[in-house]
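Listing of data-v1.cif, mmCIF, C-alpha atoms
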data_coords
loop_
_atom_site.label_atom_id
_atom_site.label_comp_id
_atom_site.auth_asym_id
_atom_site.auth_seq_id
_atom_site.Cartn_x
_atom_site.Cartn_y
_atom_site.Cartn_z
CA MET A 753 31.13 113.77 151.88
CA SER A 754 32.19 116.10 154.67
CA TRP A 755 33.04 113.08 156.83
CA THR A 756 35.34 111.74 154.12
CA ARG A 757 37.13 115.05 153.80
CA GLY A 758 37.60 115.25 157.57
CA PHE A 759 39.01 111.73 157.67
CA LEU A 760 41.47 112.48 154.86
CA ALA A 761 42.59 115.69 156.59
CA ALA A 762 43.23 113.76 159.81
CA LEU A 763 45.30 111.20 157.90
CA ALA A 764 47.33 114.02 156.31
CA VAL A 765 48.05 115.56 159.72
CA CYS A 766 49.15 112.19 161.13
CA ALA A 767 51.43 111.60 158.14
CA LEU A 768 52.98 115.06 158.51
CA PHE A 769 53.56 114.54 162.24
CA GLY A 770 55.15 111.16 161.56
CA ALA A 771 57.49 112.67 158.98
CA LEU A 772 58.55 115.40 161.39
CA LEU A 773 59.18 112.85 164.14
CA ALA A 774 61.22 110.68 161.80
CA GLY A 775 63.27 113.72 160.76
CA ILE A 776 64.08 114.60 164.38
CA THR A 777 65.09 111.02 165.10
CA ALA A 778 67.30 110.98 162.02
CA CYS A 779 69.02 114.19 163.13
CA ASP A 780 69.73 112.70 166.54
CA SER A 781 71.18 109.53 165.08
CA SER A 782 73.31 111.40 162.53
CA GLY A 783 74.91 113.48 165.30
CA GLY A 784 76.63 110.34 166.60
CA ALA A 785 77.92 109.20 163.23
CA GLY A 786 81.49 108.02 163.27
CA GLU A 787 81.54 107.52 167.05
CA GLY A 788 80.82 103.81 167.00
CA ASP A 789 84.36 102.73 166.12
CA GLY A 790 85.41 102.45 169.77
CA ALA A 791 87.60 105.54 169.61
CA GLU A 792 86.95 108.58 171.74
CA PRO A 793 85.96 111.50 169.46
CA SER A 794 87.76 114.84 169.40
CA PRO A 795 88.20 117.15 171.14
CA VAL A 796 90.35 115.42 173.76
CA GLY A 797 91.92 117.48 176.52
CA LYS A 798 92.64 121.15 176.00
CA VAL A 799 94.80 122.57 173.22
CA LEU A 800 97.23 125.11 174.70
CA ASP A 801 98.90 128.11 173.13
CA ASP A 802 102.31 126.61 174.01
CA THR A 803 104.05 124.91 171.12
CA ASP A 804 107.08 122.73 170.49
CA GLU A 805 110.12 123.68 168.41
CA GLU A 806 108.24 123.14 165.15
CA GLY A 807 105.11 125.01 166.22
CA ARG A 808 102.92 122.04 167.18
CA ASN A 809 100.47 122.90 169.97
CA TYR A 810 100.50 121.10 173.30
CA ARG A 811 97.35 119.13 174.18
CA GLU A 812 96.84 119.20 177.95
CA VAL A 813 95.28 116.10 179.53
CA ASP A 814 94.66 115.10 183.12
CA LYS A 815 97.58 113.31 184.75
CA LYS A 816 95.41 110.28 185.59
CA ARG A 817 94.61 109.76 181.91
CA ALA A 818 97.89 110.93 180.41
CA PRO A 819 100.10 108.56 178.42
CA GLU A 820 103.61 107.76 179.67
CA VAL A 821 106.88 106.94 177.92
CA GLY A 822 110.36 105.80 178.96
CA ILE A 823 113.47 105.41 176.79
CA GLU A 824 116.53 103.16 176.89
CA VAL A 825 119.42 103.52 174.44
CA LEU A 826 121.96 100.70 174.19
CA PRO A 827 125.01 100.44 171.91
CA ASP A 828 124.61 97.98 169.07
CA ALA A 829 127.31 95.32 168.71
CA ARG A 830 127.71 96.07 165.00
CA ASP A 831 126.86 99.72 164.52
CA GLY A 832 125.03 102.59 166.18
CA TRP A 833 122.45 102.32 168.94
CA ASN A 834 119.27 100.39 169.76
CA VAL A 835 116.42 102.52 171.10
CA ARG A 836 113.72 100.85 173.21
CA LEU A 837 110.56 102.54 174.49
CA THR A 838 108.35 101.57 177.40
CA LEU A 839 104.79 102.90 177.17
CA GLY A 840 101.91 103.38 179.58
CA ASP A 841 98.30 104.12 178.57
CA PHE A 842 99.43 104.66 174.98
CA ARG A 843 99.09 102.77 171.71
CA PHE A 844 100.79 103.47 168.39
CA SER A 845 98.51 104.32 165.48
CA PRO A 846 99.37 102.87 162.07
CA ALA A 847 100.73 105.19 159.41
CA GLY A 848 97.98 106.96 157.47
CA THR A 849 95.62 107.21 160.46
CA LYS A 850 93.09 110.05 160.27
CA LYS A 851 94.50 113.27 161.76
CA SER A 852 92.34 113.59 164.84
CA ALA A 853 93.18 113.37 168.53
CA VAL A 854 92.12 110.16 170.25
CA GLN A 855 92.89 109.58 173.92
CA GLY A 856 96.00 107.42 174.41
CA ARG A 857 96.77 107.09 170.69
CA GLY A 858 99.35 108.53 168.30
CA TYR A 859 103.04 108.28 167.49
CA ALA A 860 106.42 109.12 169.03
CA LEU A 861 108.94 111.61 167.71
CA LEU A 862 112.61 110.82 168.30
CA ARG A 863 114.94 113.81 168.69
CA LEU A 864 118.71 114.14 168.76
CA ASP A 865 119.84 117.21 170.73
CA GLY A 866 116.40 118.76 170.12
CA ARG A 867 116.41 118.08 166.38
CA PRO A 868 113.66 115.78 164.96
CA LEU A 869 115.22 112.52 163.84
CA ALA A 870 112.53 109.90 163.24
CA GLU A 871 108.78 109.32 163.59
CA LEU A 872 108.22 106.09 165.50
CA ARG A 873 105.18 103.83 165.34
CA ASP A 874 106.92 100.93 167.06
CA PRO A 875 108.63 100.65 170.46
CA THR A 876 112.01 99.69 168.96
CA HIS A 877 114.27 101.66 166.63
CA HIS A 878 117.85 101.36 165.35
CA LEU A 879 119.85 104.58 165.34
CA SER A 880 122.69 104.53 162.82
CA GLY A 881 126.12 105.43 164.16
CA SER A 882 126.67 107.76 161.20
CA LEU A 883 123.96 110.08 162.58
CA VAL A 884 125.71 110.64 165.90
CA ALA A 885 128.94 112.62 166.01
CA ARG A 886 131.64 112.28 168.65
CA GLY A 887 130.71 113.66 172.06
CA THR A 888 127.77 113.51 174.48
CA HIS A 889 124.23 113.83 173.10
CA LYS A 890 120.63 113.85 174.34
CA ILE A 891 118.18 111.40 172.79
CA THR A 892 114.57 112.44 173.49
CA VAL A 893 111.31 110.68 172.67
CA ARG A 894 108.07 112.71 172.77
CA LEU A 895 104.49 111.49 172.37
CA HIS A 896 102.12 113.09 169.83
CA ALA A 897 98.44 112.67 169.03
CA ASP A 898 97.51 111.73 165.47
CA ASP A 899 96.65 115.36 164.71
CA ASP A 900 100.33 116.19 165.50
CA THR A 901 99.56 117.95 168.79
CA VAL A 902 101.90 117.11 171.68
CA TRP A 903 100.49 115.21 174.65
CA ALA A 904 101.18 117.35 177.72
CA VAL A 905 100.65 117.31 181.49
CA ASP A 906 100.83 120.50 183.58
CA GLY A 907 102.04 122.38 180.52
CA GLU A 908 104.99 120.03 179.94
CA PRO A 909 105.29 117.58 177.01
CA VAL A 910 105.08 113.86 177.71
CA GLU A 911 108.63 112.77 176.91
CA SER A 912 111.71 110.94 178.16
CA THR A 913 115.43 111.63 177.61
CA ALA A 914 118.61 109.55 177.68
CA ASP A 915 122.25 110.62 177.28
CA ILE A 916 124.70 108.81 175.03
CA THR A 917 128.41 109.42 174.56
CA VAL A 918 130.34 108.62 171.39
CA SER A 919 134.10 108.44 171.81
CA ASP A 920 136.94 107.89 169.37
CA PRO A 921 138.04 104.28 168.90
CA VAL A 922 140.86 103.29 171.28
CA PRO A 923 144.12 103.35 169.29
CA SER A 924 146.23 100.21 169.29
CA ALA A 925 149.48 100.31 171.29
CA PRO A 926 152.39 101.48 169.13
CA THR A 927 155.05 98.91 168.35
CA THR A 928 158.46 99.84 169.82
CA ALA A 929 161.65 98.83 168.09
CA PRO A 930 164.19 97.04 170.35
CA THR A 931 166.75 99.39 171.88
CA PRO A 932 170.10 98.92 170.10
CA THR A 933 173.18 98.11 172.16
CA PRO A 934 175.41 101.18 172.27
CA GLN A 935 178.67 100.78 170.32
CA VAL A 936 181.84 102.50 171.51
CA SER A 937 184.18 103.60 168.78
CA GLY A 938 188.00 103.68 169.24
CA ARG A 939 189.97 101.83 171.84
CA ASP A 940 188.56 99.64 174.48
CA PRO A 941 188.06 101.90 177.48
CA GLY A 942 188.98 99.04 179.80
CA ARG A 943 192.49 98.64 178.38
CA ARG A 944 195.35 100.56 179.96
CA THR A 945 197.81 102.25 177.71
CA GLY A 946 201.25 100.59 178.03
CA GLY A 947 204.63 102.43 178.04
CA ARG A 948 208.00 102.34 179.47
CA GLY A 949 208.39 103.15 183.13
CA SER A 950 210.97 105.42 184.58
CA PRO A 951 214.30 103.80 185.22
CA ASN A 952 214.72 102.47 188.69
CA PRO A 953 216.94 104.88 190.57
CA GLY A 954 220.26 103.37 191.22
CA GLY A 955 221.25 102.15 194.65
CA LYS A 956 224.47 102.18 196.29
CA ALA A 957 227.41 101.26 194.11
#

Kindly present the structure from the file in structure tokens form.
Amino acid sequence: MSWTRGFLAALAVCALFGALLAGITACDSSGGAGEGDGAEPSPVGKVLDDTDEEGRNYREVDKKRAPEVGIEVLPDARDGWNVRLTLGDFRFSPAGTKKSAVQGRGYALLRLDGRPLAELRDPTHHLSGSLVARGTHKITVRLHADDDTVWAVDGEPVESTADITVSDPVPSAPTTAPTPTPQVSGRDPGRRTGGRGSPNPGGKA
């Protein structure tokens, strides 16, 4: 009887040890949950105290891993301007993406003279002519992570700027009326006034 009790106690200890081991394994596996989607988990880089004009923090990353952006703005034949971006080590996230920072992912914010104009998730954008007044303006594109932080290198935002100038339409040449021929009133200035001459002095009788 004592042997049976000892055997059952040993089984209970083994079962308890197995449960504890399974719990530890489960904790380890749960710590990596959500990291198998191929995206690098947050945090990425270092969030700085520096912010942009709207209060979004800069996210400092190493220059070797930092995204890059270039901008080209060309006049549209019909109206406004066509904006084209060139990107390096950066991919646009679709709208509605979870708000977390993933290396090399996010969206671009287009600014006109420092004022936010459009959120871009595509490398091309049409800028309506009605949004740009006459004069010279700065068009800036800046890269953001999906959590709205600004990608930055050496404390400076990752961005690119282009200048555009809007001038008044060239007026058409005014039509000039033909110059009228001057008319002289009164007598013809080329005509001599006639009259009697003085009598010829008499000669010798």

A:Arg817 surroundings by all atoms listed in the file, 10 Å radius, close-in-sequence under 4 positions cut, as a PDB file with C-alpha atoms, keeping the file's coordinate frame:
ATOM      1  CA  GLY A 797      91.920 117.480 176.520  1.00  0.00           C
ATOM      2  CA  VAL A 813      95.280 116.100 179.530  1.00  0.00           C
ATOM      3  CA  GLY A 840     101.910 103.380 179.580  1.00  0.00           C
ATOM      4  CA  ASP A 841      98.300 104.120 178.570  1.00  0.00           C
ATOM      5  CA  PHE A 842      99.430 104.660 174.980  1.00  0.00           C
ATOM      6  CA  GLN A 855      92.890 109.580 173.920  1.00  0.00           C
ATOM      7  CA  GLY A 856      96.000 107.420 174.410  1.00  0.00           C
ATOM      8  CA  VAL A 905     100.650 117.310 181.490  1.00  0.00           C
TER       9      VAL A 905
END

With 12 Å as the threshold, what does the neighbourhood of (128.1, 108.4, 162.9) contain in terms of residues, counting only C-alpha atoms? Coordinates are those of the file; answer as an MDAnalysis selection string.
chainID A and resid 831:833 879:887 917:920

If you keep C-alpha atoms, can you produce a file of those selected residues as a compact mmCIF listing (two decimals), in the frame of the given file?
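The resulting file, again_20.txt, is reproduced below:
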# COMPACT_ATOMS: atom_id res chain seq x y z
CA ASP A 831 126.86 99.72 164.52
CA GLY A 832 125.03 102.59 166.18
CA TRP A 833 122.45 102.32 168.94
CA LEU A 879 119.85 104.58 165.34
CA SER A 880 122.69 104.53 162.82
CA GLY A 881 126.12 105.43 164.16
CA SER A 882 126.67 107.76 161.20
CA LEU A 883 123.96 110.08 162.58
CA VAL A 884 125.71 110.64 165.90
CA ALA A 885 128.94 112.62 166.01
CA ARG A 886 131.64 112.28 168.65
CA GLY A 887 130.71 113.66 172.06
CA THR A 917 128.41 109.42 174.56
CA VAL A 918 130.34 108.62 171.39
CA SER A 919 134.10 108.44 171.81
CA ASP A 920 136.94 107.89 169.37

Could you tell me how far atom CA of A:Glu911 sits from atom CA of A:Lys815, in Å to one decimal place?
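Interatomic distance here is 13.6 Å.
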
Quick one: distance from atom CA of A:Arg808 to atom CA of A:Pro868 in Å, one decimal?
12.6 Å

Which is closest to A:Thr803 among A:Pro875, A:Pro819, A:Leu839, A:Pro909, if we use only C-alpha atoms?
A:Pro909

If the PyMOL selection byres ((chain A and resi 845) around 10) is run on the structure shown, which residues does it catch, given as a list of chain:residue names?
A:Phe842, A:Arg843, A:Phe844, A:Pro846, A:Ala847, A:Gly848, A:Thr849, A:Lys850, A:Val854, A:Gly856, A:Arg857, A:Gly858, A:Tyr859, A:Ala860, A:Leu872, A:Arg873, A:Asp874, A:Ala897, A:Asp898

Please write the residues picked by the PyMOL selection byres ((chain A and resi 867) around 12) on this file as a ChimeraX atom specification.
/A:804-806,861-866,868-871,883-884,889-894

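Among the candidates A:Ala853, A:Leu800, A:Ala914, A:Ala904, the residue lying nearest to A:Leu837 is A:Ala914 (atoms considered: all atoms listed in the file).
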
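Atom to atom, atom CA of A:Thr901 and atom CA of A:Thr888 stand 29.1 Å apart.
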
Which residues, written as number ranges by chain, have at least one atom at most 10 Å from A:Lys798, with all atoms listed in the file counted and residues fewer than 3 positions away on the same chain left out?
A: 795, 801, 810-814, 903-904

Atoms to include: C-alpha atoms. Write the selected residues as a short mmCIF file (atom, residue, chain, number, x, y, z; two decimals), keeping the file's coordinate frame.
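Contents of the output file result33.cif:
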data_model
loop_
_atom_site.label_atom_id
_atom_site.label_comp_id
_atom_site.auth_asym_id
_atom_site.auth_seq_id
_atom_site.Cartn_x
_atom_site.Cartn_y
_atom_site.Cartn_z
CA PRO A 795 88.20 117.15 171.14
CA ASP A 801 98.90 128.11 173.13
CA TYR A 810 100.50 121.10 173.30
CA ARG A 811 97.35 119.13 174.18
CA GLU A 812 96.84 119.20 177.95
CA VAL A 813 95.28 116.10 179.53
CA ASP A 814 94.66 115.10 183.12
CA TRP A 903 100.49 115.21 174.65
CA ALA A 904 101.18 117.35 177.72
#

Listed atoms of stretch 912-918 of chain A, axis-aligned box, 6 Å per side: centre and edge lengths to one decimal in Å, as JSON?
{"center_x": 121.0, "center_y": 110.1, "center_z": 174.8, "size_x": 30.6, "size_y": 15.0, "size_z": 18.8}
